[in-house]
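> Submitted below is the structure of interest, expressed as structure tokens.
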Amino acid sequence: MSAPGLQLLATRRGLARICGDGTVELLDLPYRDVAELLRAGGGLAPAATAPARDRLPLDSVTAELVAPLGSTRAVWGVGLNYHCKARAAGRAVPTEPVLYLKSASAGSGPDATVALPSSISTQPDYEGEIALVIGARMHRTPAEHAWSHVAAITAANDLTARDVMAASANPTLAKSFPGFGALGTSVLDIAAVADRDAIEVRTTVNGEVRQQATSADLIFPVPQLLAWITKYVILEPGDVVLTGTPAGTGQDRGCFLRPGDLVEVSVGGVLPLRTRFCAETPDGEISDDEPAATSDGAPDAVAPSLLRTESPLTDD
């Protein structure tokens with residue numbers, strides 16, 4: 001059941017509005033996803049008032065869902081932005097945000113199956129995060145005005161190849177493999193978020209809770225983070241800002257993703273974002289074979305000595 005307030009999905013038949021009774025309304029709008037809607041300049045308001053072309057059970061459209069922010073032009077991320085993550089990593093709290101861009105071509109959506117790039121990386125890692133969806137242009141925006149420029153929140157899995165990060169010191173490479181930019185499943189109007197300073201994020205791997213925190217633990221809270229970013233760059237409607245991941249990643253636990261794993265990220269009132277992982281075939285395509293979880297469902301452990309490097313974004 002969705003949280004009260006406007007909550008949107010993107011389907012192969014266009015945008016849909018979630019209703020409180022477990023149904024969705026397919027909207028009479030020309031936009032393929034929420035990012036395109038926001039770039040039109042009217043915020044989420046057109047989706048709140050648009051007439052419905054059809055009304056269907058939510059379960060009946062699950063197989064038709066696509067990434068609600070698939071046409072996003074920029075995805076910004078921040079490294080090491082939870083106090084609990086800094087403690088788990090044994091790292092000093094940063095004095096300024098450490099930012100990176102994630103390639104939009106890495107995007108994936110609800111219930112995607114992502115091939116693990118085993119020919120390049122043996123340390124693919126999940127990172128459950130709160131994603132902010134920008135609704136109005138931001139440039140040199142003061143912190144006290146930052147929230148008014150945010151249209152919505154959604155869930156993100158900011159997947160990272162830890163060993164590629166260590167070898168290249170380049171977060172864009174480590175985080176931009178195909179499918180490594182999972183966003184969705186739904187997008188929740190910021191007006192429906194009861195406590196913007198304590199938005200919950202929770203990650204499970206094969207049903208086991210691995211991460212659980214709220215935005216109250218952020219080192220750089222949302223207003224401060226957005227004000228800092230927009231000192232340097234312009235954020236446009238439809239852009240996404242990832243807010244960092246809490247403790248409990250595979251890096252913290254000494255284990256990484258394996259074929260057959262299922263990761264679910266839950267954020268605030270949005271629908272859970274599920275991503276399945278499979279083996280890479282020799283030609284780089286995906287394979288549904290070779291589930292590689294151990295008998296207890298957990299991935300094999302990796303020696304802790306492999307988990308610490310000098311890259312400033314190793315622990316993010």
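Residue numbers start at 1 in each chain; chains themselves are named A, B, ... in the order of the structure tokens; ligands are numbered from 1 in the order shown.
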Pick out the residues sitting within 8 Å of stretch 7-22 of chain A, and hand them over as a PyMOL selection string; count only C-alpha atoms, and ignore anything fewer than 5 positions along from it in its own chain.

chain A and resi 1-2+27+29-34+47-48+57-58+61+64-68+185-189+270

> Run DSSP on the backbone and tell me which residues of stretch 184-216 of chain A come out as helix (DSSP H, G or I); list them as JSON, numbers by chain.

{"A": [190, 191, 192, 215, 216]}

> At what distance in Å, to one decimal, does atom CA of A:Leu235 lie from atom CA of A:Leu38?

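Distance reported for this atom pair: 12.3 Å.
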
> Excluding stretch 171-175 of chain A and its own-chain neighbours fewer than 6 positions away, which residues fall within 10 Å of it when counting only C-alpha atoms? Please give them as a PyMOL selection string.

chain A and resi 77+79+99-103+106+121+124-125+158-165+181+311-314

> Which residue out of A:Leu37, A:Ala182, A:Ala89, A:Ile190 has the minimum interatomic distance to A:Ile153 when only C-alpha atoms are used?

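Closest to A:Ile153, using only C-alpha atoms: A:Ile190.
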
> For stretch 248-253 of chain A, please output as a VMD selection string all residues within 7 Å (counting only C-alpha atoms; exclusion window: fewer than 2 positions along the same chain).

chain A and resid 88 to 89 125 to 127 210 to 211 246 255 to 256 307

> Write out, as a PDB file, in the first residue's frame, the residues just selected, with N, CA, C and O atoms.


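Saved result, selection-v7.pdb, follows:
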ATOM      1  N   ALA A  88      31.863   2.538  10.541  1.00  0.00           N
ATOM      2  CA  ALA A  88      32.105   1.167  10.078  1.00  0.00           C
ATOM      3  C   ALA A  88      33.390   1.073   9.265  1.00  0.00           C
ATOM      4  O   ALA A  88      34.101   0.069   9.320  1.00  0.00           O
ATOM      5  N   ALA A  89      33.682   2.127   8.507  1.00  0.00           N
ATOM      6  CA  ALA A  89      34.869   2.131   7.652  1.00  0.00           C
ATOM      7  C   ALA A  89      36.122   2.587   8.383  1.00  0.00           C
ATOM      8  O   ALA A  89      37.223   2.494   7.833  1.00  0.00           O
ATOM      9  N   ASP A 125      29.107  -4.442  -5.443  1.00  0.00           N
ATOM     10  CA  ASP A 125      28.525  -4.165  -4.126  1.00  0.00           C
ATOM     11  C   ASP A 125      27.223  -3.378  -4.280  1.00  0.00           C
ATOM     12  O   ASP A 125      27.080  -2.540  -5.177  1.00  0.00           O
ATOM     13  N   TYR A 126      26.302  -3.646  -3.385  1.00  0.00           N
ATOM     14  CA  TYR A 126      25.041  -2.904  -3.320  1.00  0.00           C
ATOM     15  C   TYR A 126      25.213  -1.669  -2.429  1.00  0.00           C
ATOM     16  O   TYR A 126      26.029  -1.656  -1.509  1.00  0.00           O
ATOM     17  N   GLU A 127      24.421  -0.636  -2.696  1.00  0.00           N
ATOM     18  CA  GLU A 127      24.380   0.556  -1.846  1.00  0.00           C
ATOM     19  C   GLU A 127      22.966   1.116  -1.879  1.00  0.00           C
ATOM     20  O   GLU A 127      22.592   1.836  -2.810  1.00  0.00           O
ATOM     21  N   ARG A 210      20.440  -5.899   5.549  1.00  0.00           N
ATOM     22  CA  ARG A 210      21.863  -5.570   5.561  1.00  0.00           C
ATOM     23  C   ARG A 210      22.097  -4.097   5.938  1.00  0.00           C
ATOM     24  O   ARG A 210      23.136  -3.772   6.527  1.00  0.00           O
ATOM     25  N   GLN A 211      21.185  -3.204   5.557  1.00  0.00           N
ATOM     26  CA  GLN A 211      21.330  -1.777   5.850  1.00  0.00           C
ATOM     27  C   GLN A 211      20.006  -1.245   6.386  1.00  0.00           C
ATOM     28  O   GLN A 211      18.944  -1.593   5.871  1.00  0.00           O
ATOM     29  N   PRO A 246      24.254   4.073   3.945  1.00  0.00           N
ATOM     30  CA  PRO A 246      24.634   3.800   5.334  1.00  0.00           C
ATOM     31  C   PRO A 246      25.508   2.559   5.461  1.00  0.00           C
ATOM     32  O   PRO A 246      25.807   1.879   4.467  1.00  0.00           O
ATOM     33  N   CYS A 255      31.755  -9.299   2.038  1.00  0.00           N
ATOM     34  CA  CYS A 255      31.161 -10.174   1.034  1.00  0.00           C
ATOM     35  C   CYS A 255      30.565  -9.310  -0.069  1.00  0.00           C
ATOM     36  O   CYS A 255      30.190  -8.161   0.167  1.00  0.00           O
ATOM     37  N   PHE A 256      30.476  -9.873  -1.266  1.00  0.00           N
ATOM     38  CA  PHE A 256      30.011  -9.107  -2.408  1.00  0.00           C
ATOM     39  C   PHE A 256      28.912  -9.870  -3.137  1.00  0.00           C
ATOM     40  O   PHE A 256      28.617 -11.024  -2.827  1.00  0.00           O
ATOM     41  N   LEU A 307      39.553  -5.001   1.290  1.00  0.00           N
ATOM     42  CA  LEU A 307      38.466  -4.045   1.356  1.00  0.00           C
ATOM     43  C   LEU A 307      38.918  -2.621   1.629  1.00  0.00           C
ATOM     44  O   LEU A 307      38.100  -1.712   1.596  1.00  0.00           O
TER      45      LEU A 307
END

> Nearest to A:Ile120 among A:Val93, A:Leu183, A:Phe177, A:Gly70, with distances taken over only C-alpha atoms: which residue is it?

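For A:Ile120, the nearest of the given residues is A:Phe177.
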
> Residues at most 9 Å from A:Ala146, counting only C-alpha atoms, excluding those fewer than 4 positions away in the same chain, as a VMD selection string?

chain A and resid 138 141 to 142 150 222 to 224 226 to 227

> Filtering to C-alpha atoms, could you give me those residues as a compact mmCIF listing (two decimals), in the first residue's frame?


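Written output follows (again_23.txt):
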# COMPACT_ATOMS: atom_id res chain seq x y z
CA MET A 138 18.90 25.06 -8.81
CA THR A 141 20.51 27.87 -4.02
CA PRO A 142 20.66 28.68 -0.28
CA VAL A 150 12.94 18.98 -4.69
CA VAL A 222 19.86 17.39 2.27
CA PRO A 223 19.63 21.22 2.37
CA GLN A 224 23.36 21.57 3.02
CA LEU A 226 22.13 20.62 -2.35
CA ALA A 227 23.38 24.10 -1.48

> Counting only C-alpha atoms, which of A:Thr72, A:Asn170, A:Thr275, A:Asn81 gets nearest to A:Ala104?

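Of the candidates, the smallest distance to A:Ala104 is held by A:Thr72.
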
> Which residues are close to A:Gly244, i.e. within 12 Å by only C-alpha atoms, leaving aside same-chain residues fewer than 3 positions away? Reply as an NGL selection string.

:A and (76-86 or 97-100 or 126-132 or 155-159 or 201 or 213-215 or 217-222 or 225 or 241 or 247 or 249 or 313 or 315-316)

> Could you tell me, as an MDAnalysis selection string, which residues of stretch 49-262 of chain A DSSP assigns to strand (DSSP E) when given the backbone?

chainID A and resid 52:57 65:66 75:79 98:102 107:108 112:115 124:125 128:134 150:158 160:161 181:189 200:205 208:214 240:242 262

> Could you check which of A:Val233, A:Leu116, A:Ala74, A:Val205 is closest to A:Asp261, using only C-alpha atoms?

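With only C-alpha atoms as the atom set, the closest residue is A:Val205.
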
> Looking at A:Asp28, A:Gly184, A:Gly109, A:Ser119, which one is nearest to A:Pro272, with distances taken over only C-alpha atoms?

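When distances to A:Pro272 are compared using only C-alpha atoms, the smallest one comes from A:Gly184.
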
> Would you work out the distance separating atom CA of A:Ala279 from atom CA of A:Val263, expressed in Å to one decimal?

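It comes out at 15.1 Å.
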
> Quick one, how far is atom CA of A:Ser108 from atom CA of A:Val75?

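Separation of atom CA of A:Ser108 and atom CA of A:Val75: 12.6 Å.
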